[in-house]
Amino acid sequence: MKFFRKSILLKILGIFLSILVLSMVTLITYVSVDSKNMMNAFVSQTQRLIAAQLERSSEILFHNTERTLLSISRERSARDVLVSETYQQMLVEDFKKYQEMNTSITALMMGTDDDQFFIYPTSRQSKDYRPTEQIWYQKAMENRGRVVYTSPFIDETTGETVIVIATTVNKDFGVVGVVGAMLSVDLFQQMLEYIQIGNTGYAFAVDSEGDITAHKDARKIGTSLLGSTFFDKIQTIEQDFLTEVIDNQKQTMSFQANFRTGWHFVVAMEYEEIQHEIYKMILKNVFVFIGVLLIASLLSLWLAGSIVKPIRALANCMKQVQKGDLSVRIPVKLQDEIGELMHDFNRMIEQVRGLVQEIDYTCSTLMKSSSEYYAMADNNAATAQQVLASVSNISSGSDQQSVAAQKILSQIQAFASQISKITHNANHASDQALSNAKINITGIQMMQQLHANSQNNMDYVEQGVLEIEGLQHKSEAVVKIMQSIEKVAKQTNLISFNASIEAARAGEHGRGFSVIASEIQQLAQEVEMLSKKTYGYLAEMISQVAQTADSMKKTQKASCDEHTSMLEAEKILETIKDTSHVIEQEMQALYKSIDCMNEEKHHILEAVEEIAGISEEATAATQQIHAGVERHVKNNDTALSASEQLLNAAKSLKQKVRRFKI
């Protein structure tokens, strides 16, 4: 199960085969049930049609025979048969004439109430034949004025099975006798001989008394069905399709009633034969299903492989990019959506690669500038310490000068020596101040250059963020398009479902359209499934792009922090520059004081008080210089710390960039 959940190939193959199997099983079930219904309907319709044709043929035979009998009963020879022998001879001649006109009639005969019997052909004449004792005569007399039909019986003269159609001959509101037409059962046997329904189908006729009047099997003629369930059913309805057990075999039957005679013409077929044909059709459907399933499995395996293979290649490249390898590229051979995705991936990697190269170049420049700035700040700090020591010495000398003001007369030489030292130290401090000012100017220029580089780096990072966000928006637009495709697939599926319903309502006329609707529905389901899968892949890609965008934004924030630190360092260097300018001004004032002292050395004795005042002024100025130098040292320490932080940040950024393989 874990492997199934992790493998897209098995997911696509499993879903496709599941849908195919379910569709094919449903289709085979539907086709099998429909085939069964069609087979039953076909057999039923065929049996009904044959039964109706038998009834119609028999109806024509019976109708012609009745017309013949009615015509004979109206002949003068029949009505006056008892008047003289002449009419008796004329009756036989009329029988011959009508028998030649209707060859279906085996014999024409007439019996009277005094047992006179006339028949054609005359070869069937029997001296012992008493018509009044025959069923046909008795039945006709019981139904005077109507045509009656007898059940099959064996003719005493010929020994063949026959039926008789008879009616009374009326004259002057009385009955002269009964005229009858004899029909051979073989005539009906010939009608049933060519009826073939499958291997077991057959037809037979049953009269109104339940006797079989005709059957494919001559041995069953005359068999009575009176009292059977089948005979009770066919007596109540005109035409129907039944399933009954006859001769211990389940059979399907269709029958047609003839209202003229009360006969029922039945067409039967063994139920097992129908079921066997249905099973053969279902077995063919199963074999077709297995073949289609094998072909569809191969096609689905090929289709799933064609989809999964490029996705796996894309996933492998993403893993290499995750490890930092930006030199990877995907060979694109497809022209579909997956091919476009691969093109977009290659373009994205190319853009990220260029961005990382620019960041790497900027890091190298930043490290170089930071190192130079750090070295200058360190040198500036050393110079500031020396200036502070010199100013401390000046301050100490000024204090001693103030204390020894009362002893100036005795220490004039020492004072002159101190003035020389002060002059020397002042010159040295002036030189250091000028050097410090130059160093500060150089540092400011370097910081400005570093500031420009940092601004360019921020622009590159911001451009990368905008490009990644644009890629993210494009990916989201593709997701919306896939959602629209999925919506269209669902609507197509619904339309095909409605079309299937309408096709089912249309019956036979909508069968072809039903198949088309089913194919459209299957295609819509496949499109919907592929849309969902593609949507999942795009969602994963959007997540990866979002992570990349987040990393770029973090890089942008780090660049902004570095830019802020550079601005602060630049401000510190400006402060150092201003402080150096103040020191230079103070040193110029000191120069003036020392020059005055050198010019007025020969007046020292006369201006001791002035010297004392000058000493106090010098002490105050020295203290101010000392305070300014201390501030300069502190500012320089701050600049040194900022440059160190900037250098560390550049090294950290450089290490992060080195994880990418360009």
# chains A, B, ... in the order shown; residues from 1 in each chain; ligands from 1
$ residues_around --residues "Val206 (chain A)" --least-positions-apart "6" --cutoff "8 Å" --atoms "only C-alpha atoms" --output "PyMOL selection string"
chain A and resi 212-214+263-266
$ residues_around --residues "region 268-280 of chain A" --least-positions-apart "6" --cutoff "10 Å" --atoms "only C-alpha atoms" --output "VMD selection string"
chain A and resid 32 to 33 35 to 40 43 to 44 47 to 48 51 196 to 204 241 to 246 249 to 255 286
$ write_last_selection --atoms "C-alpha atoms" --output "mmCIF file, in the first residue's frame"
data_model
loop_
_atom_site.group_PDB
_atom_site.id
_atom_site.type_symbol
_atom_site.label_atom_id
_atom_site.label_comp_id
_atom_site.auth_asym_id
_atom_site.auth_seq_id
_atom_site.Cartn_x
_atom_site.Cartn_y
_atom_site.Cartn_z
ATOM 1 C CA SER A 32 -25.997 -9.438 -21.300
ATOM 2 C CA VAL A 33 -29.281 -8.428 -19.711
ATOM 3 C CA SER A 35 -29.215 -9.513 -25.005
ATOM 4 C CA LYS A 36 -31.261 -11.816 -22.813
ATOM 5 C CA ASN A 37 -34.250 -9.517 -23.111
ATOM 6 C CA MET A 38 -33.679 -9.164 -26.849
ATOM 7 C CA MET A 39 -33.372 -12.936 -27.241
ATOM 8 C CA ASN A 40 -36.542 -13.521 -25.248
ATOM 9 C CA VAL A 43 -38.181 -15.671 -29.638
ATOM 10 C CA SER A 44 -41.499 -14.357 -28.334
ATOM 11 C CA GLN A 47 -43.347 -17.428 -32.030
ATOM 12 C CA ARG A 48 -46.192 -14.933 -32.065
ATOM 13 C CA ALA A 51 -48.620 -18.578 -34.628
ATOM 14 C CA GLN A 196 -38.312 -24.365 -37.693
ATOM 15 C CA ILE A 197 -37.432 -22.299 -34.603
ATOM 16 C CA GLY A 198 -33.996 -23.145 -33.370
ATOM 17 C CA ASN A 199 -33.330 -26.842 -32.836
ATOM 18 C CA THR A 200 -36.278 -27.692 -30.589
ATOM 19 C CA GLY A 201 -39.051 -25.384 -31.784
ATOM 20 C CA TYR A 202 -42.330 -26.850 -33.076
ATOM 21 C CA ALA A 203 -46.000 -25.882 -33.626
ATOM 22 C CA PHE A 204 -49.367 -27.547 -32.954
ATOM 23 C CA PHE A 241 -46.447 -15.589 -24.454
ATOM 24 C CA LEU A 242 -46.267 -18.249 -21.751
ATOM 25 C CA THR A 243 -43.687 -20.450 -20.086
ATOM 26 C CA GLU A 244 -45.097 -23.889 -19.229
ATOM 27 C CA VAL A 245 -43.822 -27.357 -18.395
ATOM 28 C CA ILE A 246 -44.982 -29.892 -21.002
ATOM 29 C CA GLN A 249 -39.660 -29.936 -20.115
ATOM 30 C CA LYS A 250 -39.900 -26.206 -19.547
ATOM 31 C CA GLN A 251 -41.010 -24.569 -22.781
ATOM 32 C CA THR A 252 -41.832 -21.089 -24.005
ATOM 33 C CA MET A 253 -45.097 -20.854 -25.952
ATOM 34 C CA SER A 254 -46.944 -18.300 -27.990
ATOM 35 C CA PHE A 255 -50.475 -18.934 -29.274
ATOM 36 C CA VAL A 286 -16.738 -12.077 -21.578
#
$ atom_distance --atom1 "CA of Asp80 (chain A)" --atom2 "CA of His63 (chain A)"
25.6 Å
$ select_by_dssp --residues "region 258-396 of chain A" --states "strand (DSSP E)" --output "list in words"
Asn258, Trp263, His264, Phe265, Val266, Val267, Ala268, Met269 and Glu270 of chain A
$ residues_around --residues "Ile15 (chain A)" --least-positions-apart "3" --cutoff "12 Å" --atoms "only C-alpha atoms" --output "PyMOL selection string"
chain A and resi 4+8-12+18-23+297+300-301+304+525-526+529-530+533
$ atom_distance --atom1 "CA of Pro121 (chain A)" --atom2 "CA of Glu93 (chain A)"
10.1 Å
$ closest_atom_pairs --of "region 99-195 of chain A" --to "region 53-60 of chain A" --cutoff "10 Å" --atoms "only C-alpha atoms" --output "CSV"
residue,atom,partner,partner_atom,distance
A:Phe188,CA,A:Ser58,CA,8.2
A:Met191,CA,A:Leu54,CA,7.6
A:Leu192,CA,A:Leu54,CA,8.2
A:Ile195,CA,A:Leu54,CA,9.7
$ write_last_selection --atoms "N, CA and C atoms" --output "tab-separated table (two decimals), in the first residue's frame"
chain	number	residue	atom	x	y	z
A	188	PHE	N	-52.76	-30.01	-42.40
A	188	PHE	CA	-52.16	-29.17	-41.35
A	188	PHE	C	-50.73	-29.60	-41.03
A	191	MET	N	-48.51	-27.89	-43.24
A	191	MET	CA	-48.30	-26.50	-42.83
A	191	MET	C	-47.25	-26.40	-41.72
A	192	LEU	N	-47.21	-27.38	-40.83
A	192	LEU	CA	-46.29	-27.35	-39.69
A	192	LEU	C	-44.92	-27.92	-40.02
A	195	ILE	N	-41.99	-25.41	-40.40
A	195	ILE	CA	-41.78	-24.46	-39.30
A	195	ILE	C	-40.57	-24.90	-38.48
$ atom_distance --atom1 "CA of Thr261 (chain A)" --atom2 "CA of Phe62 (chain A)"
8.1 Å
$ residues_around --residues "Pro331 (chain A)" --least-positions-apart "5" --cutoff "10 Å" --atoms "only C-alpha atoms" --output "VMD selection string"
chain A and resid 310 313 to 314 339 342 to 343 346
$ write_last_selection --atoms "C-alpha atoms" --output "PDB file, in the first residue's frame"
ATOM      1  CA  PRO A 310       8.781  13.234 -17.544  1.00  0.00           C
ATOM      2  CA  ALA A 313      12.697  13.425 -14.538  1.00  0.00           C
ATOM      3  CA  LEU A 314      11.344  16.741 -13.250  1.00  0.00           C
ATOM      4  CA  GLY A 339       6.610  19.954 -21.935  1.00  0.00           C
ATOM      5  CA  MET A 342       9.708  21.523 -18.268  1.00  0.00           C
ATOM      6  CA  HIS A 343      10.469  24.624 -20.370  1.00  0.00           C
ATOM      7  CA  ASN A 346      14.546  25.259 -17.212  1.00  0.00           C
TER       8      ASN A 346
END
$ residues_around --residues "region 95-102 of chain A" --least-positions-apart "4" --cutoff "12 Å" --atoms "only C-alpha atoms" --output "mmCIF file with all heavy atoms, in the first residue's frame"
data_model
loop_
_atom_site.group_PDB
_atom_site.id
_atom_site.type_symbol
_atom_site.label_atom_id
_atom_site.label_comp_id
_atom_site.auth_asym_id
_atom_site.auth_seq_id
_atom_site.Cartn_x
_atom_site.Cartn_y
_atom_site.Cartn_z
ATOM 1 N N ILE A 60 -57.903 -18.816 -43.678
ATOM 2 C CA ILE A 60 -58.218 -18.814 -45.116
ATOM 3 C C ILE A 60 -58.801 -20.164 -45.539
ATOM 4 O O ILE A 60 -59.798 -20.251 -46.290
ATOM 5 C CB ILE A 60 -56.952 -18.472 -45.929
ATOM 6 C CG1 ILE A 60 -56.506 -17.038 -45.632
ATOM 7 C CG2 ILE A 60 -57.201 -18.665 -47.418
ATOM 8 C CD1 ILE A 60 -55.170 -16.669 -46.253
ATOM 9 N N LEU A 61 -58.179 -21.272 -45.050
ATOM 10 C CA LEU A 61 -58.667 -22.613 -45.388
ATOM 11 C C LEU A 61 -60.085 -22.825 -44.867
ATOM 12 O O LEU A 61 -60.987 -23.285 -45.591
ATOM 13 C CB LEU A 61 -57.718 -23.658 -44.814
ATOM 14 C CG LEU A 61 -58.148 -25.128 -44.986
ATOM 15 C CD1 LEU A 61 -58.235 -25.490 -46.477
ATOM 16 C CD2 LEU A 61 -57.150 -26.051 -44.276
ATOM 17 N N PHE A 62 -60.297 -22.471 -43.602
ATOM 18 C CA PHE A 62 -61.622 -22.659 -43.009
ATOM 19 C C PHE A 62 -62.660 -21.756 -43.685
ATOM 20 O O PHE A 62 -63.810 -22.170 -43.915
ATOM 21 C CB PHE A 62 -61.572 -22.359 -41.514
ATOM 22 C CG PHE A 62 -60.733 -23.332 -40.739
ATOM 23 C CD1 PHE A 62 -59.988 -22.921 -39.643
ATOM 24 C CD2 PHE A 62 -60.682 -24.674 -41.104
ATOM 25 C CE1 PHE A 62 -59.222 -23.815 -38.923
ATOM 26 C CE2 PHE A 62 -59.918 -25.576 -40.382
ATOM 27 C CZ PHE A 62 -59.173 -25.145 -39.300
ATOM 28 N N HIS A 63 -62.261 -20.545 -43.991
ATOM 29 C CA HIS A 63 -63.197 -19.622 -44.627
ATOM 30 C C HIS A 63 -63.620 -20.142 -46.001
ATOM 31 O O HIS A 63 -64.824 -20.136 -46.350
ATOM 32 C CB HIS A 63 -62.539 -18.243 -44.770
ATOM 33 C CG HIS A 63 -63.382 -17.242 -45.490
ATOM 34 N ND1 HIS A 63 -64.558 -16.727 -44.971
ATOM 35 C CD2 HIS A 63 -63.238 -16.673 -46.736
ATOM 36 C CE1 HIS A 63 -65.094 -15.881 -45.835
ATOM 37 N NE2 HIS A 63 -64.302 -15.827 -46.917
ATOM 38 N N ASN A 64 -62.653 -20.620 -46.794
ATOM 39 C CA ASN A 64 -62.984 -21.163 -48.117
ATOM 40 C C ASN A 64 -63.858 -22.414 -47.999
ATOM 41 O O ASN A 64 -64.796 -22.625 -48.794
ATOM 42 C CB ASN A 64 -61.711 -21.480 -48.884
ATOM 43 C CG ASN A 64 -60.940 -20.219 -49.256
ATOM 44 O OD1 ASN A 64 -61.540 -19.135 -49.384
ATOM 45 N ND2 ASN A 64 -59.636 -20.353 -49.460
ATOM 46 N N THR A 65 -63.543 -23.239 -47.015
ATOM 47 C CA THR A 65 -64.340 -24.454 -46.825
ATOM 48 C C THR A 65 -65.763 -24.113 -46.414
ATOM 49 O O THR A 65 -66.745 -24.719 -46.897
ATOM 50 C CB THR A 65 -63.675 -25.354 -45.775
ATOM 51 O OG1 THR A 65 -62.330 -25.641 -46.183
ATOM 52 C CG2 THR A 65 -64.441 -26.653 -45.619
ATOM 53 N N GLU A 66 -65.925 -23.146 -45.505
ATOM 54 C CA GLU A 66 -67.257 -22.739 -45.095
ATOM 55 C C GLU A 66 -68.040 -22.171 -46.275
ATOM 56 O O GLU A 66 -69.250 -22.436 -46.437
ATOM 57 C CB GLU A 66 -67.167 -21.708 -43.970
ATOM 58 C CG GLU A 66 -66.780 -22.307 -42.633
ATOM 59 C CD GLU A 66 -66.890 -21.293 -41.505
ATOM 60 O OE1 GLU A 66 -67.438 -20.197 -41.763
ATOM 61 O OE2 GLU A 66 -66.449 -21.588 -40.386
ATOM 62 N N ARG A 67 -67.385 -21.363 -47.084
ATOM 63 C CA ARG A 67 -68.064 -20.813 -48.255
ATOM 64 C C ARG A 67 -68.515 -21.940 -49.189
ATOM 65 O O ARG A 67 -69.614 -21.905 -49.768
ATOM 66 C CB ARG A 67 -67.132 -19.856 -48.997
ATOM 67 C CG ARG A 67 -66.895 -18.542 -48.262
ATOM 68 C CD ARG A 67 -65.964 -17.643 -49.060
ATOM 69 N NE ARG A 67 -66.539 -17.359 -50.389
ATOM 70 C CZ ARG A 67 -65.889 -16.681 -51.340
ATOM 71 N NH1 ARG A 67 -64.640 -16.249 -51.120
ATOM 72 N NH2 ARG A 67 -66.463 -16.441 -52.499
ATOM 73 N N THR A 68 -67.646 -22.952 -49.328
ATOM 74 C CA THR A 68 -68.021 -24.095 -50.171
ATOM 75 C C THR A 68 -69.244 -24.800 -49.607
ATOM 76 O O THR A 68 -70.200 -25.146 -50.347
ATOM 77 C CB THR A 68 -66.844 -25.063 -50.295
ATOM 78 O OG1 THR A 68 -65.728 -24.384 -50.886
ATOM 79 C CG2 THR A 68 -67.213 -26.271 -51.151
ATOM 80 N N LEU A 69 -69.270 -25.042 -48.292
ATOM 81 C CA LEU A 69 -70.400 -25.728 -47.668
ATOM 82 C C LEU A 69 -71.678 -24.908 -47.784
ATOM 83 O O LEU A 69 -72.771 -25.439 -48.075
ATOM 84 C CB LEU A 69 -70.098 -26.017 -46.201
ATOM 85 C CG LEU A 69 -69.050 -27.088 -45.934
ATOM 86 C CD1 LEU A 69 -68.785 -27.214 -44.432
ATOM 87 C CD2 LEU A 69 -69.488 -28.435 -46.495
ATOM 88 N N LEU A 70 -71.556 -23.599 -47.528
ATOM 89 C CA LEU A 70 -72.738 -22.747 -47.624
ATOM 90 C C LEU A 70 -73.261 -22.701 -49.056
ATOM 91 O O LEU A 70 -74.490 -22.668 -49.296
ATOM 92 C CB LEU A 70 -72.405 -21.336 -47.134
ATOM 93 C CG LEU A 70 -72.113 -21.215 -45.631
ATOM 94 C CD1 LEU A 70 -71.671 -19.791 -45.284
ATOM 95 C CD2 LEU A 70 -73.345 -21.603 -44.823
ATOM 96 N N SER A 71 -72.340 -22.709 -50.026
ATOM 97 C CA SER A 71 -72.773 -22.731 -51.432
ATOM 98 C C SER A 71 -73.494 -24.036 -51.768
ATOM 99 O O SER A 71 -74.544 -24.047 -52.461
ATOM 100 C CB SER A 71 -71.570 -22.536 -52.353
ATOM 101 O OG SER A 71 -70.974 -21.276 -52.139
ATOM 102 N N ILE A 72 -72.934 -25.145 -51.280
ATOM 103 C CA ILE A 72 -73.574 -26.443 -51.533
ATOM 104 C C ILE A 72 -74.945 -26.510 -50.867
ATOM 105 O O ILE A 72 -75.924 -27.029 -51.432
ATOM 106 C CB ILE A 72 -72.664 -27.581 -51.048
ATOM 107 C CG1 ILE A 72 -71.392 -27.647 -51.907
ATOM 108 C CG2 ILE A 72 -73.398 -28.925 -51.093
ATOM 109 C CD1 ILE A 72 -70.367 -28.635 -51.419
ATOM 110 N N SER A 73 -75.039 -25.965 -49.619
ATOM 111 C CA SER A 73 -76.317 -26.035 -48.909
ATOM 112 C C SER A 73 -77.407 -25.220 -49.592
ATOM 113 O O SER A 73 -78.607 -25.442 -49.358
ATOM 114 C CB SER A 73 -76.134 -25.560 -47.470
ATOM 115 O OG SER A 73 -75.811 -24.169 -47.447
ATOM 116 N N GLU A 75 -77.549 -25.074 -52.962
ATOM 117 C CA GLU A 75 -77.818 -25.702 -54.251
ATOM 118 C C GLU A 75 -79.166 -26.462 -54.193
ATOM 119 O O GLU A 75 -79.529 -27.050 -53.165
ATOM 120 C CB GLU A 75 -76.687 -26.668 -54.625
ATOM 121 C CG GLU A 75 -75.363 -25.994 -54.943
ATOM 122 C CD GLU A 75 -75.392 -25.283 -56.282
ATOM 123 O OE1 GLU A 75 -76.306 -25.540 -57.103
ATOM 124 O OE2 GLU A 75 -74.477 -24.434 -56.509
ATOM 125 N N SER A 77 -79.852 -29.102 -55.712
ATOM 126 C CA SER A 77 -79.620 -30.543 -55.612
ATOM 127 C C SER A 77 -79.563 -30.991 -54.162
ATOM 128 O O SER A 77 -80.019 -32.085 -53.821
ATOM 129 C CB SER A 77 -78.328 -30.905 -56.337
ATOM 130 O OG SER A 77 -77.238 -30.194 -55.757
ATOM 131 N N ALA A 78 -78.991 -30.142 -53.300
ATOM 132 C CA ALA A 78 -78.916 -30.498 -51.887
ATOM 133 C C ALA A 78 -80.256 -30.306 -51.198
ATOM 134 O O ALA A 78 -80.667 -31.117 -50.345
ATOM 135 C CB ALA A 78 -77.840 -29.658 -51.207
ATOM 136 N N GLN A 88 -80.243 -36.478 -56.576
ATOM 137 C CA GLN A 88 -79.142 -37.160 -55.877
ATOM 138 C C GLN A 88 -77.916 -37.233 -56.785
ATOM 139 O O GLN A 88 -76.775 -37.001 -56.324
ATOM 140 C CB GLN A 88 -79.579 -38.544 -55.440
ATOM 141 C CG GLN A 88 -80.687 -38.526 -54.391
ATOM 142 C CD GLN A 88 -81.189 -39.912 -54.037
ATOM 143 O OE1 GLN A 88 -80.692 -40.924 -54.577
ATOM 144 N NE2 GLN A 88 -82.192 -39.982 -53.151
ATOM 145 N N GLN A 89 -78.137 -37.549 -58.071
ATOM 146 C CA GLN A 89 -77.012 -37.578 -59.013
ATOM 147 C C GLN A 89 -76.434 -36.175 -59.221
ATOM 148 O O GLN A 89 -75.219 -35.986 -59.322
ATOM 149 C CB GLN A 89 -77.490 -38.162 -60.346
ATOM 150 C CG GLN A 89 -77.892 -39.622 -60.272
ATOM 151 C CD GLN A 89 -78.440 -40.153 -61.584
ATOM 152 O OE1 GLN A 89 -78.576 -39.397 -62.570
ATOM 153 N NE2 GLN A 89 -78.771 -41.447 -61.620
ATOM 154 N N MET A 90 -77.367 -35.175 -59.279
ATOM 155 C CA MET A 90 -76.902 -33.795 -59.426
ATOM 156 C C MET A 90 -76.076 -33.377 -58.208
ATOM 157 O O MET A 90 -75.076 -32.648 -58.339
ATOM 158 C CB MET A 90 -78.106 -32.851 -59.579
ATOM 159 C CG MET A 90 -78.834 -33.009 -60.908
ATOM 160 S SD MET A 90 -80.327 -31.969 -60.971
ATOM 161 C CE MET A 90 -79.607 -30.362 -60.756
ATOM 162 N N LEU A 91 -76.446 -33.840 -57.004
ATOM 163 C CA LEU A 91 -75.687 -33.491 -55.789
ATOM 164 C C LEU A 91 -74.261 -34.024 -55.869
ATOM 165 O O LEU A 91 -73.296 -33.320 -55.526
ATOM 166 C CB LEU A 91 -76.408 -34.048 -54.568
ATOM 167 C CG LEU A 91 -75.718 -33.817 -53.230
ATOM 168 C CD1 LEU A 91 -75.600 -32.307 -52.931
ATOM 169 C CD2 LEU A 91 -76.473 -34.526 -52.092
ATOM 170 N N THR A 106 -60.842 -32.999 -48.740
ATOM 171 C CA THR A 106 -60.606 -34.418 -49.092
ATOM 172 C C THR A 106 -61.878 -35.053 -49.655
ATOM 173 O O THR A 106 -61.823 -35.807 -50.638
ATOM 174 C CB THR A 106 -60.134 -35.186 -47.853
ATOM 175 O OG1 THR A 106 -58.963 -34.555 -47.340
ATOM 176 C CG2 THR A 106 -59.834 -36.631 -48.191
ATOM 177 N N ALA A 107 -62.984 -34.735 -49.016
ATOM 178 C CA ALA A 107 -64.261 -35.312 -49.469
ATOM 179 C C ALA A 107 -65.402 -34.405 -49.061
ATOM 180 O O ALA A 107 -65.328 -33.728 -48.024
ATOM 181 C CB ALA A 107 -64.474 -36.707 -48.897
ATOM 182 N N LEU A 108 -66.498 -34.413 -49.919
ATOM 183 C CA LEU A 108 -67.722 -33.695 -49.610
ATOM 184 C C LEU A 108 -68.833 -34.735 -49.435
ATOM 185 O O LEU A 108 -68.923 -35.705 -50.199
ATOM 186 C CB LEU A 108 -68.074 -32.718 -50.734
ATOM 187 C CG LEU A 108 -67.169 -31.488 -50.881
ATOM 188 C CD1 LEU A 108 -67.504 -30.728 -52.168
ATOM 189 C CD2 LEU A 108 -67.336 -30.571 -49.679
ATOM 190 N N MET A 109 -69.657 -34.507 -48.417
ATOM 191 C CA MET A 109 -70.668 -35.527 -48.109
ATOM 192 C C MET A 109 -71.913 -34.857 -47.554
ATOM 193 O O MET A 109 -71.872 -33.711 -47.096
ATOM 194 C CB MET A 109 -70.106 -36.534 -47.120
ATOM 195 C CG MET A 109 -69.567 -35.913 -45.860
ATOM 196 S SD MET A 109 -68.646 -37.072 -44.859
ATOM 197 C CE MET A 109 -68.049 -36.019 -43.560
ATOM 198 N N MET A 110 -73.016 -35.675 -47.621
ATOM 199 C CA MET A 110 -74.279 -35.187 -47.074
ATOM 200 C C MET A 110 -75.050 -36.368 -46.507
ATOM 201 O O MET A 110 -75.112 -37.444 -47.109
ATOM 202 C CB MET A 110 -75.108 -34.484 -48.143
ATOM 203 C CG MET A 110 -76.416 -33.921 -47.616
ATOM 204 S SD MET A 110 -77.346 -33.022 -48.887
ATOM 205 C CE MET A 110 -78.820 -32.584 -47.957
ATOM 206 N N PHE A 118 -74.570 -39.465 -49.040
ATOM 207 C CA PHE A 118 -74.005 -39.178 -50.355
ATOM 208 C C PHE A 118 -72.597 -38.591 -50.147
ATOM 209 O O PHE A 118 -72.402 -37.710 -49.308
ATOM 210 C CB PHE A 118 -74.888 -38.188 -51.112
ATOM 211 C CG PHE A 118 -76.329 -38.601 -51.183
ATOM 212 C CD1 PHE A 118 -77.252 -38.101 -50.256
ATOM 213 C CD2 PHE A 118 -76.751 -39.500 -52.151
ATOM 214 C CE1 PHE A 118 -78.573 -38.488 -50.312
ATOM 215 C CE2 PHE A 118 -78.092 -39.879 -52.196
ATOM 216 C CZ PHE A 118 -78.999 -39.366 -51.264
ATOM 217 N N ILE A 119 -71.617 -39.067 -50.948
ATOM 218 C CA ILE A 119 -70.226 -38.633 -50.749
ATOM 219 C C ILE A 119 -69.501 -38.611 -52.083
ATOM 220 O O ILE A 119 -69.815 -39.384 -52.989
ATOM 221 C CB ILE A 119 -69.493 -39.562 -49.748
ATOM 222 C CG1 ILE A 119 -68.107 -38.975 -49.409
ATOM 223 C CG2 ILE A 119 -69.384 -40.970 -50.270
ATOM 224 C CD1 ILE A 119 -67.418 -39.708 -48.264
ATOM 225 N N TYR A 120 -68.572 -37.702 -52.197
ATOM 226 C CA TYR A 120 -67.651 -37.652 -53.324
ATOM 227 C C TYR A 120 -66.255 -37.440 -52.736
ATOM 228 O O TYR A 120 -66.068 -36.573 -51.865
ATOM 229 C CB TYR A 120 -67.963 -36.517 -54.284
ATOM 230 C CG TYR A 120 -67.008 -36.494 -55.469
ATOM 231 C CD1 TYR A 120 -67.253 -37.330 -56.568
ATOM 232 C CD2 TYR A 120 -65.885 -35.684 -55.464
ATOM 233 C CE1 TYR A 120 -66.377 -37.315 -57.638
ATOM 234 C CE2 TYR A 120 -65.013 -35.681 -56.535
ATOM 235 C CZ TYR A 120 -65.253 -36.488 -57.617
ATOM 236 O OH TYR A 120 -64.378 -36.490 -58.668
ATOM 237 N N PRO A 121 -65.306 -38.241 -53.170
ATOM 238 C CA PRO A 121 -65.326 -39.281 -54.199
ATOM 239 C C PRO A 121 -66.187 -40.478 -53.749
ATOM 240 O O PRO A 121 -66.225 -40.804 -52.569
ATOM 241 C CB PRO A 121 -63.876 -39.678 -54.354
ATOM 242 C CG PRO A 121 -63.091 -38.531 -53.782
ATOM 243 C CD PRO A 121 -63.941 -37.986 -52.697
ATOM 244 N N THR A 122 -66.816 -41.071 -54.697
ATOM 245 C CA THR A 122 -67.716 -42.173 -54.397
ATOM 246 C C THR A 122 -66.992 -43.396 -53.883
ATOM 247 O O THR A 122 -67.605 -44.303 -53.308
ATOM 248 C CB THR A 122 -68.505 -42.535 -55.666
ATOM 249 O OG1 THR A 122 -67.581 -42.834 -56.733
ATOM 250 C CG2 THR A 122 -69.392 -41.367 -56.092
ATOM 251 N N VAL A 179 -74.697 -31.216 -44.597
ATOM 252 C CA VAL A 179 -73.636 -31.321 -45.572
ATOM 253 C C VAL A 179 -72.311 -31.085 -44.856
ATOM 254 O O VAL A 179 -72.198 -30.230 -43.975
ATOM 255 C CB VAL A 179 -73.826 -30.303 -46.719
ATOM 256 C CG1 VAL A 179 -73.764 -28.876 -46.218
ATOM 257 C CG2 VAL A 179 -72.772 -30.515 -47.821
ATOM 258 N N GLY A 180 -71.273 -31.858 -45.212
ATOM 259 C CA GLY A 180 -69.980 -31.753 -44.535
ATOM 260 C C GLY A 180 -68.820 -31.821 -45.491
ATOM 261 O O GLY A 180 -68.921 -32.420 -46.567
ATOM 262 N N ALA A 181 -67.728 -31.230 -45.072
ATOM 263 C CA ALA A 181 -66.472 -31.256 -45.840
ATOM 264 C C ALA A 181 -65.410 -31.898 -44.969
ATOM 265 O O ALA A 181 -65.191 -31.497 -43.821
ATOM 266 C CB ALA A 181 -66.049 -29.855 -46.249
ATOM 267 N N MET A 182 -64.783 -32.905 -45.518
ATOM 268 C CA MET A 182 -63.760 -33.643 -44.759
ATOM 269 C C MET A 182 -62.383 -33.081 -45.131
ATOM 270 O O MET A 182 -62.046 -32.980 -46.311
ATOM 271 C CB MET A 182 -63.863 -35.124 -45.082
ATOM 272 C CG MET A 182 -62.909 -36.001 -44.265
ATOM 273 S SD MET A 182 -63.097 -37.745 -44.702
ATOM 274 C CE MET A 182 -64.777 -38.055 -44.172
ATOM 275 N N LEU A 183 -61.628 -32.731 -44.121
ATOM 276 C CA LEU A 183 -60.258 -32.222 -44.309
ATOM 277 C C LEU A 183 -59.301 -33.179 -43.636
ATOM 278 O O LEU A 183 -59.504 -33.585 -42.476
ATOM 279 C CB LEU A 183 -60.098 -30.825 -43.706
ATOM 280 C CG LEU A 183 -61.000 -29.724 -44.263
ATOM 281 C CD1 LEU A 183 -60.757 -28.412 -43.501
ATOM 282 C CD2 LEU A 183 -60.729 -29.510 -45.744
#
